[in-house]
Structures are given as structure tokens and as C-alpha cells.
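Asks: Quick one, structure15.txt (compact mmCIF, C-alpha atoms):
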# COMPACT_ATOMS: atom_id res chain seq x y z
CA ILE P 1 -29.42 -7.50 -8.66
CA GLN P 2 -28.84 -6.03 -12.12
CA PRO P 3 -27.25 -2.75 -10.91
CA LEU P 4 -25.03 -4.75 -8.57
CA THR P 5 -23.95 -7.00 -11.42
CA LEU P 6 -23.11 -3.97 -13.55
CA MET P 7 -21.11 -2.43 -10.71
CA CYS P 8 -19.29 -5.73 -10.15
CA ARG P 9 -18.44 -6.00 -13.84
CA GLY P 10 -17.28 -2.37 -13.90
CA LEU P 11 -15.01 -2.90 -10.92
CA THR P 12 -13.70 -6.14 -12.39
CA SER P 13 -13.01 -4.61 -15.80
CA HIS P 14 -10.89 -1.84 -14.28
CA LEU P 15 -8.94 -4.26 -12.11
CA CYS P 16 -8.49 -6.73 -14.96
CA ALA P 17 -7.12 -3.96 -17.18
CA ALA P 18 -3.85 -4.36 -15.29
CA VAL P 19 -4.16 -7.79 -13.71
CA ARG P 20 -5.88 -11.14 -14.21
CA LEU P 21 -8.84 -12.50 -12.25
CA ASN P 22 -8.23 -15.73 -10.39
CA TRP P 23 -11.50 -16.50 -8.59
CA SER P 24 -11.87 -19.06 -5.84
CA ALA P 25 -14.86 -19.97 -3.69
CA PRO P 26 -15.46 -22.79 -1.18
CA LYS P 27 -17.51 -24.85 -3.64
CA MET P 28 -14.75 -24.80 -6.26
CA ALA P 29 -12.26 -27.63 -6.63
CA ARG P 30 -9.70 -25.22 -8.11
CA PRO P 31 -9.38 -21.50 -8.90
CA SER P 32 -11.17 -20.25 -12.01
CA SER P 33 -11.93 -17.00 -13.80
CA ASN P 34 -15.72 -17.38 -13.83
CA LEU P 35 -16.89 -13.77 -13.69
CA THR P 36 -20.56 -14.71 -13.33
CA GLU P 37 -19.95 -16.69 -10.15
CA PHE P 38 -17.78 -13.88 -8.81
CA CYS P 39 -20.55 -11.35 -9.44
CA GLU P 40 -23.09 -13.56 -7.68
CA ASP P 41 -20.98 -13.66 -4.54
CA PHE P 42 -20.24 -9.94 -4.87
CA ALA P 43 -23.97 -9.18 -4.94
CA LYS P 44 -24.50 -11.08 -1.67
CA ALA P 45 -21.50 -9.72 0.23
CA LYS P 46 -22.11 -7.37 3.15
CA HIS P 47 -18.51 -6.83 4.28
CA VAL P 48 -15.90 -6.69 1.49
CA ALA P 49 -12.18 -6.63 2.25
CA ILE P 50 -9.83 -5.51 -0.53
CA ILE P 51 -6.12 -6.25 -0.02
CA THR P 52 -3.85 -4.27 -2.33
CA GLY P 53 -0.14 -4.21 -3.13
CA ALA P 54 2.31 -2.51 -5.47
CA GLY P 55 0.60 -3.88 -8.58
CA VAL P 56 -2.47 -1.69 -8.06
CA SER P 57 -0.27 1.43 -8.28
CA ALA P 58 1.87 0.24 -11.19
CA GLU P 59 -0.32 1.92 -13.81
CA SER P 60 0.20 5.22 -11.97
CA GLY P 61 3.92 4.89 -12.61
CA VAL P 62 4.92 4.45 -8.98
CA PRO P 63 8.50 3.12 -8.77
CA THR P 64 9.06 0.13 -6.47
CA PHE P 65 12.89 0.20 -6.23
CA ARG P 66 12.85 -3.58 -6.36
CA GLY P 67 14.08 -6.08 -8.92
CA GLN P 68 16.31 -5.44 -11.90
CA GLY P 69 16.79 -1.74 -12.53
CA GLY P 70 15.02 -0.83 -9.30
CA TYR P 71 17.78 1.34 -7.92
CA TRP P 72 18.03 4.82 -6.41
CA ARG P 73 21.61 5.82 -7.12
CA LYS P 74 23.44 2.58 -6.29
CA TRP P 75 21.00 1.35 -3.65
CA GLN P 76 17.79 -0.63 -3.59
CA ALA P 77 15.06 0.02 -1.03
CA GLN P 78 16.22 -2.72 1.33
CA ASP P 79 19.61 -0.99 1.57
CA LEU P 80 18.11 2.26 2.87
CA ALA P 81 14.75 1.32 4.40
CA THR P 82 16.12 0.00 7.68
CA PRO P 83 16.55 1.46 11.18
CA GLU P 84 20.27 0.72 10.90
CA ALA P 85 20.64 2.73 7.70
CA PHE P 86 18.80 5.69 9.25
CA SER P 87 20.96 5.56 12.38
CA ARG P 88 24.11 5.36 10.26
CA ASP P 89 23.24 8.05 7.70
CA PRO P 90 19.93 9.90 8.26
CA SER P 91 20.82 12.45 5.59
CA LEU P 92 21.10 9.78 2.87
CA VAL P 93 17.88 8.05 3.94
CA TRP P 94 16.00 11.36 4.00
CA GLU P 95 17.31 12.18 0.51
CA PHE P 96 15.86 8.87 -0.70
CA TYR P 97 12.46 9.49 0.91
CA HIS P 98 12.39 13.14 -0.15
CA TYR P 99 12.87 11.96 -3.74
CA ARG P 100 10.05 9.42 -3.37
CA ARG P 101 7.72 12.03 -1.87
CA GLU P 102 8.41 14.48 -4.70
CA VAL P 103 7.90 11.77 -7.34
CA MET P 104 4.55 10.85 -5.79
CA ARG P 105 3.36 14.43 -6.02
CA SER P 106 3.28 13.99 -9.81
CA LYS P 107 1.43 10.65 -9.74
CA MET P 108 -2.33 10.28 -9.89
CA PRO P 109 -4.75 7.51 -8.89
CA ASN P 110 -5.41 5.17 -11.80
CA PRO P 111 -8.71 3.50 -12.82
CA ALA P 112 -8.17 0.66 -10.35
CA HIS P 113 -7.92 3.08 -7.39
CA LEU P 114 -10.94 5.00 -8.65
CA ALA P 115 -13.00 1.84 -9.19
CA ILE P 116 -12.26 0.66 -5.65
CA ALA P 117 -13.23 4.05 -4.23
CA LYS P 118 -16.43 4.09 -6.28
CA CYS P 119 -17.27 0.59 -5.10
CA GLU P 120 -16.82 1.65 -1.47
CA SER P 121 -19.01 4.72 -1.95
CA ARG P 122 -21.84 2.86 -3.66
CA LEU P 123 -21.91 -0.07 -1.26
CA SER P 124 -21.88 2.21 1.78
CA LYS P 125 -25.14 3.75 0.55
CA GLN P 126 -26.62 0.24 0.61
CA GLY P 127 -25.54 -0.41 4.19
CA ARG P 128 -22.64 -2.58 3.06
CA SER P 129 -19.00 -2.00 3.93
CA VAL P 130 -15.73 -2.03 2.00
CA VAL P 131 -12.37 -1.88 3.73
CA ILE P 132 -9.07 -1.40 1.87
CA ILE P 133 -6.02 -3.02 3.45
CA THR P 134 -3.00 -1.78 1.55
CA GLN P 135 0.70 -2.51 1.68
CA ASN P 136 1.33 0.65 -0.36
CA ILE P 137 2.71 3.84 1.20
CA ASP P 138 1.72 6.17 -1.65
CA GLU P 139 -1.70 7.37 -0.33
CA LEU P 140 -3.26 6.90 -3.79
CA HIS P 141 -6.29 5.12 -2.31
CA HIS P 142 -7.00 8.19 -0.18
CA ARG P 143 -6.51 10.52 -3.13
CA ALA P 144 -8.92 8.40 -5.17
CA GLY P 145 -11.59 8.98 -2.55
CA SER P 146 -11.45 5.81 -0.45
CA LYS P 147 -12.39 6.46 3.17
CA HIS P 148 -11.90 3.15 5.00
CA VAL P 149 -8.20 2.47 4.42
CA TYR P 150 -5.61 0.71 6.56
CA GLU P 151 -2.04 1.50 5.46
CA ILE P 152 -0.27 -1.38 7.16
CA HIS P 153 3.19 -0.24 6.05
CA GLY P 154 2.64 3.43 6.84
CA SER P 155 2.76 6.43 4.52
CA LEU P 156 5.34 8.52 2.70
CA PHE P 157 3.40 11.56 3.81
CA LYS P 158 3.54 10.95 7.55
CA THR P 159 6.45 11.45 9.91
CA ARG P 160 7.28 10.06 13.34
CA CYS P 161 9.41 11.84 15.92
CA MET P 162 12.37 9.84 17.19
CA SER P 163 12.12 11.64 20.54
CA CYS P 164 8.46 12.11 21.48
CA GLY P 165 6.97 9.50 19.10
CA GLU P 166 4.33 11.83 17.62
CA VAL P 167 3.00 10.77 14.22
CA LYS P 168 1.76 13.55 11.94
CA ALA P 169 0.67 14.00 8.36
CA ASN P 170 3.22 16.02 6.42
CA HIS P 171 2.74 17.08 2.80
CA LYS P 172 5.32 19.89 2.74
CA SER P 173 7.40 20.24 -0.39
CA PRO P 174 10.24 20.16 0.37
CA ILE P 175 9.78 18.63 3.79
CA CYS P 176 12.58 20.90 5.07
CA PRO P 177 14.63 23.67 3.38
CA ALA P 178 17.87 21.67 3.41
CA LEU P 179 16.32 18.95 1.21
CA GLU P 180 15.16 21.31 -1.53
CA GLY P 181 16.61 20.14 -4.84
CA LYS P 182 18.18 17.07 -3.21
CA GLY P 183 17.56 13.38 -3.85
CA GLU P 184 18.67 13.19 -7.49
CA PRO P 185 18.52 9.45 -8.34
CA ASP P 186 21.40 9.40 -10.84
CA PRO P 187 24.18 7.04 -9.71
CA SER P 188 26.73 9.82 -10.21
CA ALA P 189 24.90 12.23 -7.87
CA LYS P 190 26.81 13.19 -4.74
CA ASP P 191 25.30 12.63 -1.31
CA ALA P 192 24.09 15.88 0.23
CA ARG P 193 25.60 15.15 3.66
CA ILE P 194 23.06 17.38 5.39
CA PRO P 195 23.90 18.05 9.07
CA VAL P 196 21.42 16.23 11.30
CA GLN P 197 20.22 19.48 12.87
CA HIS P 198 19.01 20.63 9.43
CA LEU P 199 17.03 17.48 8.66
CA PRO P 200 13.25 17.38 9.34
CA ARG P 201 12.60 18.18 13.00
CA CYS P 202 9.59 17.81 15.29
CA ASP P 203 7.60 21.01 15.80
CA GLY P 204 6.01 19.75 19.01
CA SER P 205 6.27 22.08 21.99
CA GLY P 206 9.82 21.93 23.33
CA CYS P 207 10.72 18.82 21.35
CA ASN P 208 12.72 19.51 18.17
CA GLY P 209 13.48 15.80 17.85
CA LEU P 210 14.65 14.23 14.60
CA LEU P 211 11.80 13.05 12.38
CA ARG P 212 11.81 9.83 10.39
CA PRO P 213 9.42 8.64 7.68
CA HIS P 214 6.42 6.91 9.25
CA VAL P 215 6.85 3.73 7.24
CA VAL P 216 7.54 0.16 8.30
CA TRP P 217 11.16 -0.55 7.49
CA PHE P 218 12.77 -3.91 6.88
CA GLY P 219 13.26 -5.64 10.21
CA GLU P 220 10.44 -3.72 11.93
CA THR P 221 7.06 -5.06 13.02
CA LEU P 222 3.70 -3.72 11.94
CA ASP P 223 1.81 -1.35 14.20
CA SER P 224 -0.03 -3.62 16.64
CA ASP P 225 -3.15 -1.42 16.75
CA ILE P 226 -3.48 -1.41 12.96
CA LEU P 227 -2.82 -5.14 12.79
CA THR P 228 -5.52 -5.81 15.40
CA ALA P 229 -8.01 -3.65 13.48
CA VAL P 230 -7.17 -5.44 10.22
CA GLU P 231 -7.64 -8.84 11.83
CA GLN P 232 -11.08 -7.75 13.09
CA GLU P 233 -12.05 -6.63 9.58
CA LEU P 234 -10.90 -9.92 8.08
CA GLU P 235 -12.83 -11.88 10.69
CA LYS P 236 -16.13 -10.32 9.63
CA CYS P 237 -15.59 -10.05 5.86
CA ASP P 238 -17.69 -12.31 3.63
CA LEU P 239 -15.82 -11.54 0.41
CA CYS P 240 -12.12 -10.81 -0.12
CA LEU P 241 -10.38 -9.29 -3.14
CA VAL P 242 -6.60 -9.49 -3.50
CA VAL P 243 -5.30 -6.92 -5.99
CA GLY P 244 -1.77 -6.49 -7.30
CA THR P 245 0.17 -8.18 -4.52
CA SER P 246 2.73 -10.96 -4.85
CA SER P 247 1.67 -12.52 -1.54
CA VAL P 248 5.25 -12.99 -0.40
CA VAL P 249 5.55 -10.27 2.27
CA TYR P 250 4.40 -11.38 5.70
CA PRO P 251 2.18 -11.03 7.63
CA ALA P 252 0.08 -9.57 4.79
CA ALA P 253 0.71 -12.69 2.68
CA MET P 254 -1.39 -14.72 5.11
CA PHE P 255 -4.42 -12.41 5.22
CA ALA P 256 -6.29 -13.85 2.22
CA PRO P 257 -5.39 -17.52 2.85
CA GLN P 258 -6.71 -17.16 6.40
CA VAL P 259 -9.97 -15.72 5.06
CA ALA P 260 -10.24 -18.52 2.48
CA GLY P 261 -9.51 -21.04 5.21
CA ARG P 262 -12.79 -20.24 6.93
CA GLY P 263 -14.78 -20.70 3.73
CA VAL P 264 -15.01 -17.10 2.51
CA PRO P 265 -14.81 -16.51 -1.29
CA VAL P 266 -11.55 -14.89 -2.41
CA ALA P 267 -10.84 -13.24 -5.78
CA GLU P 268 -7.23 -12.67 -6.79
CA PHE P 269 -6.43 -10.02 -9.41
CA ASN P 270 -2.81 -10.49 -10.45
CA MET P 271 -0.72 -10.78 -13.59
CA GLU P 272 0.34 -14.29 -12.62
CA CYS P 273 -0.27 -16.92 -9.98
CA THR P 274 1.22 -16.22 -6.57
CA PRO P 275 2.32 -18.52 -3.74
CA ALA P 276 -1.14 -18.01 -2.21
CA THR P 277 -3.24 -18.73 -5.30
CA MET P 278 -3.81 -22.43 -4.71
CA ARG P 279 -4.81 -21.78 -1.08
CA PHE P 280 -7.91 -19.93 -2.22
CA LYS P 281 -10.21 -22.90 -2.08
Once more with this new file: its structure as C-alpha cells, please.
Replies:
Amino acid sequence: IQPLTLMCRGLTSHLCAAVRLNWSAPKMARPSSNLTEFCEDFAKAKHVAIITGAGVSAESGVPTFRGQGGYWRKWQAQDLATPEAFSRDPSLVWEFYHYRREVMRSKMPNPAHLAIAKCESRLSKQGRSVVIITQNIDELHHRAGSKHVYEIHGSLFKTRCMSCGEVKANHKSPICPALEGKGEPDPSAKDARIPVQHLPRCDGSGCNGLLRPHVVWFGETLDSDILTAVEQELEKCDLCLVVGTSSVVYPAAMFAPQVAGRGVPVAEFNMECTPATMRFK
């Protein structure tokens, strides 16, 4: 048990460096921050689910484009991350995502990502499983070394063809020649107005369809296959960690409360209480 306790405390210390532990288990009347009880349940867990949001990547300097000051030029993410915006002005939307892709190339996994990956690696050697269910599209969990990751909102580094539907990983920089040097975030920057035929195109045999970022935009539903797989993971987990998510974006906001509802211990690592905190009982 001692090595497990040390690993638990190491994981917790890295997560708590950026967020606060709010620990709830079925026997508790209310959430607490009792690290000893958390470590006891961690030591017994066979299937650990870790749900992460933007807060886990904050220390890496990943911009969210939300809230005060969260603008790219004069727009926030919800202005550009929609099917309607892409249909109306694919050049502008691709400028925005090209900028985000290039920014992410300079960002590195932080201690929280690395601690989660290390936890997964160590537990797998003991016949135990760890699954990461992330709302982030930055791929930092993968870069940290995590293997079992569900990116429920997609990835900045994947594209989907509007014609044939093929989804492919794409780490090109720039993603197409016409976007080189484009995407300057300054409000005074002029839109590139790139002709649609020069935007990223599908290289599938005989296709040449327009590519879009493979991310879930506002107004779109999550991939049903990924959602089914996530639900199966949550059904079998016997410990759930919620890290750096505000628990306001659905359906992800209901994942941890549903787990807690069947009596599974849930640990929330956040800077402040969220709408879901008091459901972890």
C-alpha cells in the first residue's frame, strides 16, 4: 500500500499545484479535502476515470478565447466555432484555427499532464486501468504520454473532409501554403480572404474536398461512437477524478454526477466549487 499512497500523493500534489481538491465519497455527508481518505480509495481502485477540462492546460499557457480579454481579433470562439461561420467565411475560420495550431506547437505538457500519464503507466503495470476523458482539443495528454484518451471535442490536429468525411491526423505547419504567416490575432489585422480552393483540401484519391477542423463546434453533437465508449468506461469505473473543468458544458458536465450517483467516489480538483460539486455525495 505504501508505494500506492506515495503515487497518490504525488499525483495529488501536481494536480493541487493548480487546483484545489474537493473529495467526495458515498460515506461522506458533504465534500471534504481529506487526502488520506482519497488515497485509501485510490489504492483500492481498479478502473480510474479522469475527466479533464481547460483548467488542466492553463499552466501550459493554452488560451481559451473565453471570458474577458479572450478574443482573437474582435471575435470570441463562439463567434467562429460554428458550422454557420465556416459556411459563411471558411477563410476566416481557418485563419483562427491555423493561429491556434501554431500557438499549440510552442506549448508543452505541464506537471498535471505528466502526473496523469505517469499514473496511467504505473497502474497499467499492476493490471489496473486509467482512462482520460478530456474536453480539451490541444493533444497535450497524448504528448505527455497518456495512451487511453478520449477527446470528446475533437482535436486541433485532426481534419475532416466536408465531401468524403475522412478524418485524419494533420500536424503540418502551416496546414496549407496559403495560411503561412496568417492568423495574426491583433484586432487591426486584416482578414486574409483566401480563396476557398487554396484552403486545406482533402488528399484522398479523387476527392479534393474542403477540409474543416475535426472539432465539435457550438451547435454540434458529440461523436456518438466516442460518447458510447465514454459511457462504457464510466459504467465500470470505481474512482473518478474531475480536473480543471467548470462542469457547465453538457453532456460532459453530467459525467461525474452520474458516476457519483451510483455510489462511486469522486474527487474534484478545481480552483473553486462548480455547479456539480455538491452532487458528489
Asks: For P:Ala253, which residue out of P:Ser106, P:Ile133, P:Val93, P:Ala117 is the nearest one, using only C-alpha atoms?
Replies: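 With only C-alpha atoms as the atom set, the closest residue is P:Ile133.
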Asks: With all atoms listed in the file as the counted atoms, please give the residues lying no more than 8 Å from P:Tyr150, apart from itself and same-chain residues fewer than 4 positions off, as an MDAnalysis selection string.
Replies: chainID P and resid 131:134 226 230
Asks: I'd like the contact shell of P:Glu139 - 8 Å cut-off, only C-alpha atoms, skipping same-chain residues fewer than 2 positions apart - returned as a list in words.
Replies: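 So, after excluding close chain neighbours, the residues are Asn136, Ile137, His141, His142, Arg143, Ser155, Leu156 and Phe157 of chain P.
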Asks: Between P:Ser91, P:Pro251, P:Leu234, P:Arg73, single out the one closest to P:Ala178, counting all atoms listed in the file.
Replies: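 That would be P:Ser91, the residue with the smallest distance to P:Ala178.
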Asks: Just the residues within 9 Å of P:Ile51, please, counting all atoms listed in the file, with nothing from its chain fewer than 5 positions along; format it as a PDB file with C-alpha atoms, keeping the file's coordinate frame.
Replies:
ATOM      1  CA  VAL P 131     -12.370  -1.880   3.730  1.00  0.00           C
ATOM      2  CA  ILE P 132      -9.070  -1.400   1.870  1.00  0.00           C
ATOM      3  CA  ILE P 133      -6.020  -3.020   3.450  1.00  0.00           C
ATOM      4  CA  THR P 134      -3.000  -1.780   1.550  1.00  0.00           C
ATOM      5  CA  GLN P 135       0.700  -2.510   1.680  1.00  0.00           C
ATOM      6  CA  CYS P 240     -12.120 -10.810  -0.120  1.00  0.00           C
ATOM      7  CA  LEU P 241     -10.380  -9.290  -3.140  1.00  0.00           C
ATOM      8  CA  VAL P 242      -6.600  -9.490  -3.500  1.00  0.00           C
ATOM      9  CA  VAL P 243      -5.300  -6.920  -5.990  1.00  0.00           C
ATOM     10  CA  GLY P 244      -1.770  -6.490  -7.300  1.00  0.00           C
ATOM     11  CA  THR P 245       0.170  -8.180  -4.520  1.00  0.00           C
ATOM     12  CA  ALA P 252       0.080  -9.570   4.790  1.00  0.00           C
ATOM     13  CA  PHE P 255      -4.420 -12.410   5.220  1.00  0.00           C
ATOM     14  CA  ALA P 256      -6.290 -13.850   2.220  1.00  0.00           C
TER      15      ALA P 256
END
Asks: Would you mind reading off the distance between atom CA of P:Leu222 and atom CA of P:His153, one decimal, in Å?
Replies: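 Value for the atom CA of P:Leu222-atom CA of P:His153 distance: 6.9 Å.
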Asks: For P:Val62, find every residue with an atom within 9 Å (counting only C-alpha atoms), except residues of its own chain fewer than 2 positions away, and show them as a PyMOL selection string.
Replies: chain P and resi 54+57-60+64+103-104+107+138
Asks: Would you list the contacts of P:Arg201 as a ChimeraX atom specification, taking every protein, DNA or RNA residue within 6 Å and counting all atoms listed in the file, but skipping same-chain residues closer than 4 positions in sequence?
Replies: /P:208-211
Asks: What is the atom CA of P:His214 to atom CA of P:Ala77 distance in Å?
Replies: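 Answer for the atom CA of P:His214 to atom CA of P:Ala77 separation: 15.1 Å.
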Asks: Using all atoms listed in the file for the distances, tell me which of P:His198, P:His171, P:Lys46, P:Lys158 is nearest to P:Arg105.
Replies: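 The answer is P:His171, which sits nearest to P:Arg105.
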Asks: Which of these, P:Arg100, P:His148, P:Arg128, P:Arg88, has the shortest distance to P:Pro174 once you count all atoms listed in the file?
Replies: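 Comparing P:Arg100, P:His148, P:Arg128, P:Arg88 against P:Pro174, the winner is P:Arg100.
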Asks: With distances taken over all atoms listed in the file, which of P:Glu231, P:Glu120, P:Glu166, P:Asp186 is nearest to P:Lys74?
Replies: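 Among the listed residues, the smallest separation from P:Lys74 belongs to P:Asp186.
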Asks: What is the atom CA of P:Asp223 to atom CA of P:Val167 distance in Å?
Replies: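 Taking atom CA of P:Asp223 and atom CA of P:Val167, their separation equals 12.2 Å.
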Asks: With all atoms listed in the file as the basis for distance, which of P:Val149, P:Ala85, P:Ala49, P:Leu140 is at the shortest distance from P:Lys236?
Replies: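 Closest to P:Lys236 of all the choices is P:Ala49.
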